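Below you'll find the structure, written out as structure tokens, and then a few comments.
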Amino acid sequence: MTLEVDKLSATLGPVRVLRDISLKVNDGEIVALLGRNGAGKTTTLRTIMGLVPATSGKIFLDGKDITKLPPHIRARTGIGYSPEDRKIFLQHSVIENIRIALWMSGQNESILDDVFDTFPVLREMKNRKGMYLSGGQQKMLSIARAMPLGKRLLLIDEPLEGLSPIMVRTLAERIKVIRSKRGVSILLAEANVFNALQVADRIYVIERGEIVFEGSSDEVRADENFMKKLMEV
Amino acid sequence: MNVPSLPRFPLVLGAVALILLLAAPFYTTSFNLTLAMKAMAFAGTSLAFNLLFGYTGLLSLGHAMFFGGGAYVTAYMVKRMGVQSLEILLPMSGIGAMILAALVGAVAVRYTKIHFLIITLGFSQMLYGLVLKFYTFTGGTDGLGPVSGLRFFGLPISLRDYSLYYFAIGVFLLITFLLWVIVRSHFGKALQAIKENTTRATYVGIPQIRYKYYAFVISGFFSGLAGTIWAIATVHVAPDSLYWILSADIIFITLLGGYAWFIGPILGSFIFVYLQNTFMSLTGYWMLPLGAIFIAILIFARGGVAMLVYKYILRARR
Amino acid sequence: MSAKDRRGFIKTVAAGVAGLAIGGIGGFLASSMNQQPTTTARTETRTVTLRETITQTVTGAASPRTTPTTPLKVGVINPLSGGGAPLGDPGAKGGLLAVELINQAGGILGRRIEVVGPIDTVGLPDRAVDAVTRLVQQEGCRIIIGEVTSAAGLAIADAADRLGFLWMPCEVWTPRVFETRRKFTFRLSWSDAAAGVGAALMALRIKPDVRTIATINQDYAHGRDNWESFRSTIQALKPDVRVVEELWFPLYGLTDATPFITRLMAARPDIVQSTIWGSDRFVFYRQAVPAGYFRTVLHLDTCLTGMDGHNRETWPDGLYAGSQYNRFYPPWDLWPINKEFNEAFIRRFGQPAFAEGAQSAANMFTNFLALKQAIEKAAATVGGWPEIDEVAQAMVGMRVIGPKGIITIREDHEFEGPQVWARTKYVSGVPYPIVDPNEVVTFPAELTVPPPGVAWREWVRNYKIRAIT
Amino acid sequence: MIDLSFATYYILGSLFFASLVFLISAGLNVIFGVLRIINLAHGSLYLLGSYVAYSLFIAFSSLDRILLSVTVPLLAGLIVGLVGIGLEYFMRTVYRLPIDYQLLFTFGLILIFADVMRMIWGVNPLTFGAVYFAYGTAPIGNLFFPLYNIFIIAVTLFVGLFLWYFLQRTRLGSVVRAVASEREMSSALGIDIKRVFIVTFLIGAFLGGLGGAVTVPVLPASPGADINILIIAFVAVVVGGLGSVKGAFVGALLLSALRTIILIVFPELELFSLYLFMVAVLLVRPYGLFGAKE
């Protein structure tokens, strides 16, 4: 089991955002965390990454307790993170953006080919500054940048949000490619159930900081009523 | 910082402090009265500063401009125009500083955070530069003085018979009272709304730029009044009352006292003036302990002295 | 007579007067050159030693008043931090040295002096007023000595009359201190007015045919007043002298002096007057020496105070400078007090007072000597330990012998003593410049200090060489 | 009349002053860029550099002056850099606090530094002229320009180039810039923020100390110099844009040119005009000439 989150709670200021969340990501699995805005998806990912301190509960990566580790150590143990608002380094070129992660992961340059094979469009503009990329390209860069560090687990926050249907399909396919090629587990946050179903093997539904549903994608697809309910999200 | 909802210092405490202040001539030297006057001057300007900082969320590093500006108006009118009537000097200082604030504020309030800080610093240093160099009007580094021979509605006012001291108390109480009223008014509440959440404040219909501007001008006016206390307390007004170091002192005073409370700056002023004076009288190396206290406040008493007192009272009640 | 004629007539008279005046000063200067190194007063008292000035007491009639057995508390204030510290710190040391020596010799009329302080004023008026008020009201001092900056000095002078304490500044140059009549303030150091006049006289001496003058100064009252005094005096004596350049340093933190140096050199004035002090002067000289400034321009400075902080790199060879005191002048062999003072200072503090600090130290030392003498004089008159206003009265007209030579305290409480102007040079074996003994001039006070009750601006504007009596 | 040689002299003088301002403001800006803290104590680091360099000059005064002029500033810069690392340790308490507390903290540091330096080095202006004179002068027309000033200009250019190379071309520089632009994301990418902060403070303090050291042969170290230099550097930083080294460079040049002109034309307005310029730039470009929008 790559990731195990056990009764995790977190607060933002005075507000308790996560209440005893438990979830699992198995080896090589793509799991989607589904919920509407403000449900706690982003906070969950950020807490796993260590950017938000956990008030209680535990996080295990490959069985190892990482709850108390600072973010950069977590990253180096094999978690790649691509945040919702991309957070790419605007003054750095595309390749510099990826290189920073590369250096920190302690791998050699060969992984760059891997990354650029996954996102060929980035190879074409590898010397362009981050600030001159389009939104979709920035999104791709953000995921590409997470790859070198994400040796065990990728946390991707709303990768498909706001993209055109074609882009959604392409990116969803890319994410699957990453999984199959590099054998990593992926936990992604998603607000749109259709997008989530395009990539995910399993789905958790989060509402007001609590997990309210857990099941495989096929189960969700089969249950039309439940789908409808989720679509209102 | 979030203010705990309960904190209202018992009124008794304020009354006792006021009585102590009023009775001071009976139990202490006039040196301590001078210090108290300086503290009251600082308190006046820090209260006015806190209207911008604590209530509106604007950090100004140029407040010395209004404080020193008011002091200079008083000193200039006494020295160069022969006006010695405090009933004229006081409002003129306030109005002078207010005009200055109206000019500076028209530009400054459009900025927030660090840019507001820099732009207020810039304006205050401009004024300082002018006062320093146009020495035929301002006396340059020599400053203007003595501010003496004062009268209040014809009555001679001096420190010898304590009338000057009581006049200063009067002005100080006036500033405190009026600012208190302003803070409690709808206008004051609107300012706090602006500080809490600027976009929401706009949403509920507060014209925030205009309100910030009003706050700025009001703050300037009261700082000018406090400047008059400074002028009559120190007798000699020098350009240092316009320098950015004094603006930094005002920030320190406010944080020392606790900006979340209305009376915080008052506490801060008295403590600051007495601390500084004690250190300076004890050693030539007075900056070291003062700096250490700056940092200690930051680390151990972030809510200021008011918070400490409040916590103490809470504990005592239990 | 028409208006035009009248103006012409006045011009002619003025020119005549000026001509006479220059002739007069020429004659005087020539005579002063001949009797080196001047001032009869000094030669007359050359045997007086420091110990004698400290131990000698004037004893009076049996006193109805008793001398208090408690020590005499004297407050010492000076800027010890900030830009004024290079003067304030050695000044305070000079004062402490005087107190120690006086106490060793038995105090004043057997009463020890207890120094309260030194208290830092940062050179700011409000801090200075706080300091003196505390000294008077909390510590019970009725005598306070020290302070350097004009701003603080003006405030203290006001406070002295208000609170009733005797005050002697370390060195406050502004003439404005005595624009109002002071009861308790005594200044035993020179003013900007006197320094400017001295510089003008020196300018005419070293370059009698001066046509163009210029200035480089710090941009505040001290620099401006000094320059005004210099310019007015020289133009009163030689109306055709033109000002070709006026340059003012930024007051805070001179960093790059090259533009100023360049402009001065471009203007090619006959004489440049200057009274820069502190770290700014180091910057200016440091950059002016290699620029060749001193080779093309005749520079007159009021910094002949202590030169052992300097060497060829910060002080050009052959610079003309003036002061009321120099660490080596009055000459140690002719005026042993100065030697002893300096030796005592080094013994006590390990090193001599640095640069201008020498003057501050000597001033503070002299202040205490004057205080002792005044108390003793007053005690002799009133018969017993005097009140503070009696001390103040005794001060007037007193002659004080100290490291600075002999000075007199005038009825308006201003110091009256000779000014030293000299050319400095380097001799082998001495790292710092020394006063060239062949080119020393001392101007008596009558020539340089505006007389009592006369506004200094008026006085320098109508400056005439007066007969020396 | 101002002929060509005078014009050259003025321009060199202006560049010299710009160099001083840049040396100070670069460090101020590096620290602000990464840590988002206005380090008022930067002037104190500058003065500390001056004092340390003075002591080093005296200690090694028997060595070759030209050699000293290069090695001593580096050494002094390093020492001040180490002090900077110590400062960073204390500074951690204010990273997450609002700007008013940060200002207060660094203001407190100014006071403490001023007194400690006064205790160690006293109040007299301290300067080591031998180095300055070892460089000699160069004739420009019938004037002489001190070559040490040129040396300082060269040092500044070198520092500027070094900073550019470090930030744009090295691994660590890239990481430092990453932390400057997205602090939190950087830590999620495995960057040890704390260590980057330490490096930043080392560099910032090193630059401040180097500035002080390289100028001590011209400008004496004395009490009060810390605040004087801070005020001018701050204007340059604001004009150029907080956090931008390029901005500090351009800001220093502009400021120096303006100051040179004002001092020639209307010296009374010197201080006034500097701040007028600053405010005017802010009115047109609130983030300075090269500052990034926050």
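For the structure tokens, the naming scheme is as follows: chains receive sequential letters (A, B, ...) according to their order of presentation, residues are indexed from 1 within each chain, and ligands are indexed from 1 in presentation order.
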Any idea which chain D residues end up within 8 Å of chain A if we count only C-alpha atoms, as number ranges by chain please? D: 171, 174-175, 178, 181-182, 184-185, 187-192
Output N, CA and C atoms for every residue in the selection just made, as a PDB file, in the first residue's frame.
```pdb
ATOM      1  N   ARG D 171      22.854  26.206  -9.973  1.00  0.00           N
ATOM      2  CA  ARG D 171      21.805  25.385  -9.396  1.00  0.00           C
ATOM      3  C   ARG D 171      21.208  26.064  -8.149  1.00  0.00           C
ATOM      4  N   SER D 174      19.189  29.095  -8.918  1.00  0.00           N
ATOM      5  CA  SER D 174      17.870  28.751  -9.440  1.00  0.00           C
ATOM      6  C   SER D 174      16.928  28.393  -8.290  1.00  0.00           C
ATOM      7  N   VAL D 175      17.475  27.637  -7.333  1.00  0.00           N
ATOM      8  CA  VAL D 175      16.666  27.255  -6.177  1.00  0.00           C
ATOM      9  C   VAL D 175      16.282  28.489  -5.361  1.00  0.00           C
ATOM     10  N   ALA D 178      13.593  30.219  -7.030  1.00  0.00           N
ATOM     11  CA  ALA D 178      12.345  29.466  -6.891  1.00  0.00           C
ATOM     12  C   ALA D 178      11.690  29.778  -5.552  1.00  0.00           C
ATOM     13  N   SER D 181      10.062  33.126  -5.554  1.00  0.00           N
ATOM     14  CA  SER D 181       8.796  33.339  -6.261  1.00  0.00           C
ATOM     15  C   SER D 181       7.664  32.486  -5.674  1.00  0.00           C
ATOM     16  N   GLU D 182       7.940  31.242  -5.271  1.00  0.00           N
ATOM     17  CA  GLU D 182       6.875  30.411  -4.687  1.00  0.00           C
ATOM     18  C   GLU D 182       7.443  29.648  -3.501  1.00  0.00           C
ATOM     19  N   GLU D 184       6.128  28.232  -0.728  1.00  0.00           N
ATOM     20  CA  GLU D 184       5.508  27.000  -0.259  1.00  0.00           C
ATOM     21  C   GLU D 184       5.695  25.867  -1.262  1.00  0.00           C
ATOM     22  N   MET D 185       5.487  26.219  -2.520  1.00  0.00           N
ATOM     23  CA  MET D 185       5.623  25.205  -3.571  1.00  0.00           C
ATOM     24  C   MET D 185       7.038  24.656  -3.589  1.00  0.00           C
ATOM     25  N   SER D 187       9.003  24.200  -1.127  1.00  0.00           N
ATOM     26  CA  SER D 187       9.214  23.179  -0.105  1.00  0.00           C
ATOM     27  C   SER D 187       8.532  21.875  -0.523  1.00  0.00           C
ATOM     28  N   ALA D 188       7.414  21.981  -1.246  1.00  0.00           N
ATOM     29  CA  ALA D 188       6.745  20.771  -1.706  1.00  0.00           C
ATOM     30  C   ALA D 188       7.543  20.089  -2.807  1.00  0.00           C
ATOM     31  N   LEU D 189       8.497  20.809  -3.369  1.00  0.00           N
ATOM     32  CA  LEU D 189       9.343  20.205  -4.391  1.00  0.00           C
ATOM     33  C   LEU D 189      10.657  19.718  -3.798  1.00  0.00           C
ATOM     34  N   GLY D 190      10.689  19.648  -2.481  1.00  0.00           N
ATOM     35  CA  GLY D 190      11.862  19.066  -1.850  1.00  0.00           C
ATOM     36  C   GLY D 190      12.941  20.062  -1.486  1.00  0.00           C
ATOM     37  N   ILE D 191      12.662  21.346  -1.651  1.00  0.00           N
ATOM     38  CA  ILE D 191      13.683  22.335  -1.296  1.00  0.00           C
ATOM     39  C   ILE D 191      13.609  22.619   0.203  1.00  0.00           C
ATOM     40  N   ASP D 192      14.773  22.578   0.857  1.00  0.00           N
ATOM     41  CA  ASP D 192      14.816  22.885   2.281  1.00  0.00           C
ATOM     42  C   ASP D 192      14.836  24.402   2.444  1.00  0.00           C
TER      43      ASP D 192
END
```
Excluding region 162-178 of chain B and its own-chain neighbours fewer than 2 positions away, which residues fall within 7 Å of it when counting only C-alpha atoms? Please give them as a list in words.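 Surrounding residues, per the criterion: Leu33, Met37, Met40, Gly44, Ile157, Ser158, Leu159, Arg160, Trp180, Val181, Ile182, Phe222 and Ile229 of chain B.
Here the DSSP assignment of alpha helix (DSSP H), based on backbone atoms, applies within region 76-123 of chain A to Arg76, Val94, Ile95, Glu96, Asn97, Ile98, Arg99, Ile100, Ala101, Leu102, Trp103, Met104, Ser105, Ser110, Ile111, Leu112, Asp113, Asp114, Val115, Phe116, Asp117, Thr118, Pro120, Val121, Leu122 and Arg123 of chain A.
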Contact residues (chain C, partner chain B, 9 Å, only C-alpha atoms) as a PyMOL selection string: chain C and resi 80-81+117-121+124-127+129-131+133-138+149-155+158-159+174+219-222+251
Could you dump the residues just selected with C-alpha atoms as a PDB file, in the first residue's frame?
```pdb
ATOM      1  CA  LEU C  80      27.764  59.804  23.333  1.00  0.00           C
ATOM      2  CA  SER C  81      25.999  58.101  20.457  1.00  0.00           C
ATOM      3  CA  GLY C 117      26.694  61.046  34.293  1.00  0.00           C
ATOM      4  CA  PRO C 118      27.980  61.412  31.678  1.00  0.00           C
ATOM      5  CA  ILE C 119      24.489  61.253  30.246  1.00  0.00           C
ATOM      6  CA  ASP C 120      23.922  60.741  26.552  1.00  0.00           C
ATOM      7  CA  THR C 121      21.861  63.456  24.875  1.00  0.00           C
ATOM      8  CA  LEU C 124      18.820  66.127  20.391  1.00  0.00           C
ATOM      9  CA  PRO C 125      17.069  68.985  22.161  1.00  0.00           C
ATOM     10  CA  ASP C 126      14.291  66.959  23.714  1.00  0.00           C
ATOM     11  CA  ARG C 127      16.659  64.356  25.120  1.00  0.00           C
ATOM     12  CA  VAL C 129      16.186  68.894  28.096  1.00  0.00           C
ATOM     13  CA  ASP C 130      15.103  65.624  29.661  1.00  0.00           C
ATOM     14  CA  ALA C 131      18.649  65.004  30.797  1.00  0.00           C
ATOM     15  CA  THR C 133      15.717  68.399  33.990  1.00  0.00           C
ATOM     16  CA  ARG C 134      16.408  65.011  35.489  1.00  0.00           C
ATOM     17  CA  LEU C 135      19.810  66.170  36.704  1.00  0.00           C
ATOM     18  CA  VAL C 136      18.335  69.240  38.356  1.00  0.00           C
ATOM     19  CA  GLN C 137      15.200  67.775  39.830  1.00  0.00           C
ATOM     20  CA  GLN C 138      16.028  64.175  40.534  1.00  0.00           C
ATOM     21  CA  THR C 149      25.160  70.356  19.067  1.00  0.00           C
ATOM     22  CA  SER C 150      23.601  73.744  18.513  1.00  0.00           C
ATOM     23  CA  ALA C 151      20.052  72.448  18.556  1.00  0.00           C
ATOM     24  CA  ALA C 152      20.454  70.865  21.975  1.00  0.00           C
ATOM     25  CA  GLY C 153      22.549  73.819  23.139  1.00  0.00           C
ATOM     26  CA  LEU C 154      19.803  76.314  22.378  1.00  0.00           C
ATOM     27  CA  ALA C 155      17.285  74.198  24.229  1.00  0.00           C
ATOM     28  CA  ASP C 158      16.588  78.151  27.667  1.00  0.00           C
ATOM     29  CA  ALA C 159      16.201  75.418  30.247  1.00  0.00           C
ATOM     30  CA  THR C 174      25.898  78.807  17.168  1.00  0.00           C
ATOM     31  CA  ASP C 219      24.419  72.348   4.863  1.00  0.00           C
ATOM     32  CA  TYR C 220      23.053  73.523   8.139  1.00  0.00           C
ATOM     33  CA  ALA C 221      23.161  76.465  10.452  1.00  0.00           C
ATOM     34  CA  HIS C 222      26.733  75.823  11.604  1.00  0.00           C
ATOM     35  CA  LEU C 251      23.986  66.917   5.984  1.00  0.00           C
TER      36      LEU C 251
END
```
Would you give me, as a PyMOL selection string, the residues of chain D that come within 9 Å of chain B, using only C-alpha atoms? chain D and resi 93-94+99-116+118-119+235+238+267-276+278-279+282-283+286-287
Dump as an NGL selection string the residues of chain D that approach chain C to within 9 Å, counting only C-alpha atoms. :D and (1-2 or 6 or 9-14 or 16-17 or 20 or 114-115 or 118 or 122-127 or 129-130 or 132-133 or 136-139 or 143-146 or 217-225 or 227-229 or 260 or 263-264 or 267-268 or 270-271)
Saved selection, atoms kept: N, CA and C atoms, as a compact mmCIF listing (two decimals), in the first residue's frame:
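Generated output (result-v1.txt):
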```
# COMPACT_ATOMS: atom_id res chain seq x y z
N MET D 1 32.72 77.10 -16.13
CA MET D 1 32.30 76.33 -17.30
C MET D 1 32.66 74.86 -17.12
N ILE D 2 31.80 74.04 -17.56
CA ILE D 2 32.05 72.61 -17.42
C ILE D 2 32.50 72.05 -18.76
N PHE D 6 35.58 67.80 -16.90
CA PHE D 6 34.71 67.93 -15.74
C PHE D 6 33.51 67.01 -15.84
N TYR D 9 34.50 63.65 -14.99
CA TYR D 9 34.70 63.58 -13.55
C TYR D 9 33.36 63.40 -12.83
N TYR D 10 32.40 64.20 -13.27
CA TYR D 10 31.07 64.10 -12.65
C TYR D 10 30.48 62.73 -12.86
N ILE D 11 30.62 62.24 -14.08
CA ILE D 11 30.01 60.94 -14.40
C ILE D 11 30.67 59.85 -13.57
N LEU D 12 32.00 59.89 -13.49
CA LEU D 12 32.70 58.90 -12.68
C LEU D 12 32.28 59.01 -11.22
N GLY D 13 32.18 60.25 -10.75
CA GLY D 13 31.76 60.47 -9.36
C GLY D 13 30.38 59.90 -9.12
N SER D 14 29.51 60.13 -10.09
CA SER D 14 28.14 59.65 -9.96
C SER D 14 28.12 58.12 -9.97
N PHE D 16 30.51 56.25 -8.98
CA PHE D 16 31.09 55.84 -7.70
C PHE D 16 30.01 55.79 -6.63
N PHE D 17 29.22 56.84 -6.58
CA PHE D 17 28.15 56.88 -5.59
C PHE D 17 27.12 55.78 -5.87
N LEU D 20 28.28 52.56 -4.43
CA LEU D 20 28.04 52.42 -2.99
C LEU D 20 26.60 52.02 -2.74
N ALA D 114 24.25 49.04 17.06
CA ALA D 114 24.91 50.34 17.22
C ALA D 114 25.69 50.37 18.53
N ASP D 115 25.05 49.88 19.59
CA ASP D 115 25.72 49.94 20.89
C ASP D 115 26.88 48.95 20.97
N ARG D 118 29.73 50.31 19.17
CA ARG D 118 30.31 51.44 19.90
C ARG D 118 31.17 50.91 21.05
N GLY D 122 34.50 52.05 19.62
CA GLY D 122 34.50 53.44 20.07
C GLY D 122 33.76 54.36 19.12
N VAL D 123 33.95 55.66 19.30
CA VAL D 123 33.15 56.62 18.56
C VAL D 123 33.92 57.37 17.49
N ASN D 124 35.24 57.22 17.47
CA ASN D 124 36.00 58.00 16.51
C ASN D 124 35.83 57.46 15.10
N PRO D 125 35.84 58.35 14.12
CA PRO D 125 35.77 57.87 12.75
C PRO D 125 37.02 57.05 12.44
N LEU D 126 36.84 55.85 11.96
CA LEU D 126 37.97 54.97 11.67
C LEU D 126 38.06 54.74 10.17
N THR D 127 39.26 54.92 9.64
CA THR D 127 39.44 54.74 8.20
C THR D 127 40.86 54.31 7.93
N GLY D 129 43.43 54.76 5.12
CA GLY D 129 43.67 55.47 3.87
C GLY D 129 44.75 54.87 3.00
N ALA D 130 45.65 54.09 3.60
CA ALA D 130 46.80 53.61 2.86
C ALA D 130 46.38 52.87 1.59
N TYR D 132 43.61 53.30 -0.07
CA TYR D 132 43.07 54.29 -1.01
C TYR D 132 44.20 54.96 -1.79
N PHE D 133 45.28 55.26 -1.09
CA PHE D 133 46.36 55.99 -1.75
C PHE D 133 47.26 55.08 -2.56
N GLY D 136 46.56 55.37 -6.16
CA GLY D 136 46.96 56.55 -6.91
C GLY D 136 45.80 57.19 -7.65
N THR D 137 46.14 58.07 -8.56
CA THR D 137 45.11 58.80 -9.28
C THR D 137 45.36 58.72 -10.78
N ALA D 138 44.31 59.00 -11.51
CA ALA D 138 44.43 59.06 -12.97
C ALA D 138 44.10 60.47 -13.41
N PRO D 139 44.92 61.04 -14.28
CA PRO D 139 44.61 62.40 -14.73
C PRO D 139 43.46 62.39 -15.72
N LEU D 143 42.54 67.42 -14.08
CA LEU D 143 42.05 66.96 -12.79
C LEU D 143 42.58 65.55 -12.53
N PHE D 144 42.43 65.12 -11.28
CA PHE D 144 42.89 63.77 -10.95
C PHE D 144 41.74 63.00 -10.36
N PHE D 145 41.51 61.85 -10.88
CA PHE D 145 40.44 61.03 -10.33
C PHE D 145 41.07 59.87 -9.57
N PRO D 146 40.65 59.66 -8.31
CA PRO D 146 41.24 58.58 -7.52
C PRO D 146 40.90 57.21 -8.11
N PRO D 217 38.24 52.44 3.22
CA PRO D 217 39.37 53.31 2.92
C PRO D 217 38.94 54.72 2.47
N VAL D 218 37.73 54.89 1.99
CA VAL D 218 37.24 56.22 1.58
C VAL D 218 36.33 56.82 2.63
N LEU D 219 35.40 56.02 3.12
CA LEU D 219 34.41 56.54 4.04
C LEU D 219 34.68 55.99 5.43
N PRO D 220 34.95 56.87 6.38
CA PRO D 220 35.25 56.37 7.72
C PRO D 220 34.05 55.65 8.32
N ALA D 221 34.35 54.64 9.12
CA ALA D 221 33.30 53.99 9.88
C ALA D 221 33.08 54.82 11.14
N SER D 222 31.85 55.26 11.36
CA SER D 222 31.57 56.02 12.58
C SER D 222 30.11 55.85 12.94
N PRO D 223 29.77 56.10 14.21
CA PRO D 223 28.38 55.90 14.62
C PRO D 223 27.45 56.76 13.76
N GLY D 224 26.31 56.21 13.43
CA GLY D 224 25.35 56.96 12.63
C GLY D 224 25.42 56.65 11.15
N ALA D 225 26.59 56.10 10.71
CA ALA D 225 26.72 55.80 9.28
C ALA D 225 25.73 54.71 8.87
N ILE D 227 22.58 54.26 9.73
CA ILE D 227 21.26 54.76 9.37
C ILE D 227 21.32 55.63 8.12
N ASN D 228 22.39 56.41 8.00
CA ASN D 228 22.52 57.28 6.82
C ASN D 228 22.52 56.47 5.54
N ILE D 229 23.30 55.40 5.52
CA ILE D 229 23.41 54.63 4.29
C ILE D 229 22.13 53.85 4.03
N THR D 260 23.53 63.72 -8.10
CA THR D 260 24.65 64.52 -8.60
C THR D 260 24.13 65.82 -9.20
N LEU D 263 22.69 68.17 -6.50
CA LEU D 263 23.74 68.78 -5.67
C LEU D 263 24.44 69.90 -6.42
N ILE D 264 24.48 69.80 -7.73
CA ILE D 264 25.09 70.87 -8.50
C ILE D 264 24.14 72.05 -8.61
N PRO D 267 21.43 72.40 -4.05
CA PRO D 267 21.76 71.47 -2.96
C PRO D 267 20.73 71.45 -1.83
N GLU D 268 19.99 72.54 -1.65
CA GLU D 268 19.01 72.55 -0.56
C GLU D 268 17.97 71.46 -0.73
N GLU D 270 18.35 68.47 -1.84
CA GLU D 270 18.93 67.14 -2.01
C GLU D 270 18.05 66.05 -1.43
N LEU D 271 17.84 66.12 -0.10
CA LEU D 271 17.07 65.08 0.57
C LEU D 271 15.63 65.04 0.04
```
Selection near Ala203 (chain C), 10 Å with only C-alpha atoms, sequence-local residues under 3 positions removed, as a ChimeraX atom specification: /C:197-200,206-210,213,230,234,270-273,298-300,320
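Coordinates place CA of Leu166 (chain C) at a distance of 16.2 Å from CA of Gly397 (chain C).
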Can you measure CA of Pro433 (chain C) to CA of Arg65 (chain D) for me? One decimal in Å is fine.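 Computed distance, CA of Pro433 (chain C) to CA of Arg65 (chain D), equals 22.9 Å.
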Ranking D:Ser186, D:Leu207, D:Ala257, D:Met117 by minimum distance to Thr156 (chain D) and counting only C-alpha atoms, which one comes first?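 Nearest to Thr156 (chain D): D:Leu207.
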Would you mind writing down, as a VMD selection string, each residue of region 111-321 of chain C that DSSP on the backbone assigns to strand (DSSP E)? chain C and resid 113 to 120 143 to 145 166 to 168 212 to 218 242 to 249 271 to 274 298 to 301 320 to 321
Keeping only C-alpha atoms, take the residues you just selected and write them out as a compact mmCIF listing (two decimals), in the first residue's frame.
```txt
# COMPACT_ATOMS: atom_id res chain seq x y z
CA ILE C 113 32.99 66.98 43.09
CA GLU C 114 30.70 64.14 42.25
CA VAL C 115 29.95 63.72 38.58
CA VAL C 116 26.46 62.60 37.71
CA GLY C 117 26.69 61.05 34.29
CA PRO C 118 27.98 61.41 31.68
CA ILE C 119 24.49 61.25 30.25
CA ASP C 120 23.92 60.74 26.55
CA ILE C 143 25.66 72.86 37.68
CA ILE C 144 25.63 71.06 34.36
CA ILE C 145 28.51 70.91 31.95
CA LEU C 166 24.61 76.93 35.70
CA TRP C 167 25.50 75.59 32.28
CA MET C 168 28.74 75.56 30.34
CA THR C 212 37.44 85.51 -5.27
CA ILE C 213 36.23 83.34 -2.40
CA ALA C 214 34.22 80.19 -2.17
CA THR C 215 32.95 77.84 0.48
CA ILE C 216 32.38 74.18 1.03
CA ASN C 217 30.40 73.37 4.14
CA GLN C 218 27.86 71.14 5.70
CA ARG C 242 33.50 88.16 -5.19
CA VAL C 243 31.87 84.88 -4.18
CA VAL C 244 32.41 82.41 -6.99
CA GLU C 245 31.04 79.25 -5.49
CA GLU C 246 28.95 78.14 -2.52
CA LEU C 247 28.75 74.40 -2.03
CA TRP C 248 26.87 72.56 0.64
CA PHE C 249 27.36 68.98 1.62
CA ILE C 271 40.45 81.12 -1.03
CA VAL C 272 38.05 78.42 0.02
CA GLN C 273 36.60 78.63 3.51
CA SER C 274 35.36 75.54 5.25
CA LEU C 298 44.04 77.66 -1.02
CA HIS C 299 41.89 76.01 1.60
CA LEU C 300 41.16 77.53 5.00
CA ASP C 301 39.71 75.32 7.68
CA TYR C 320 46.04 76.58 6.65
CA ALA C 321 43.79 75.99 9.57
```
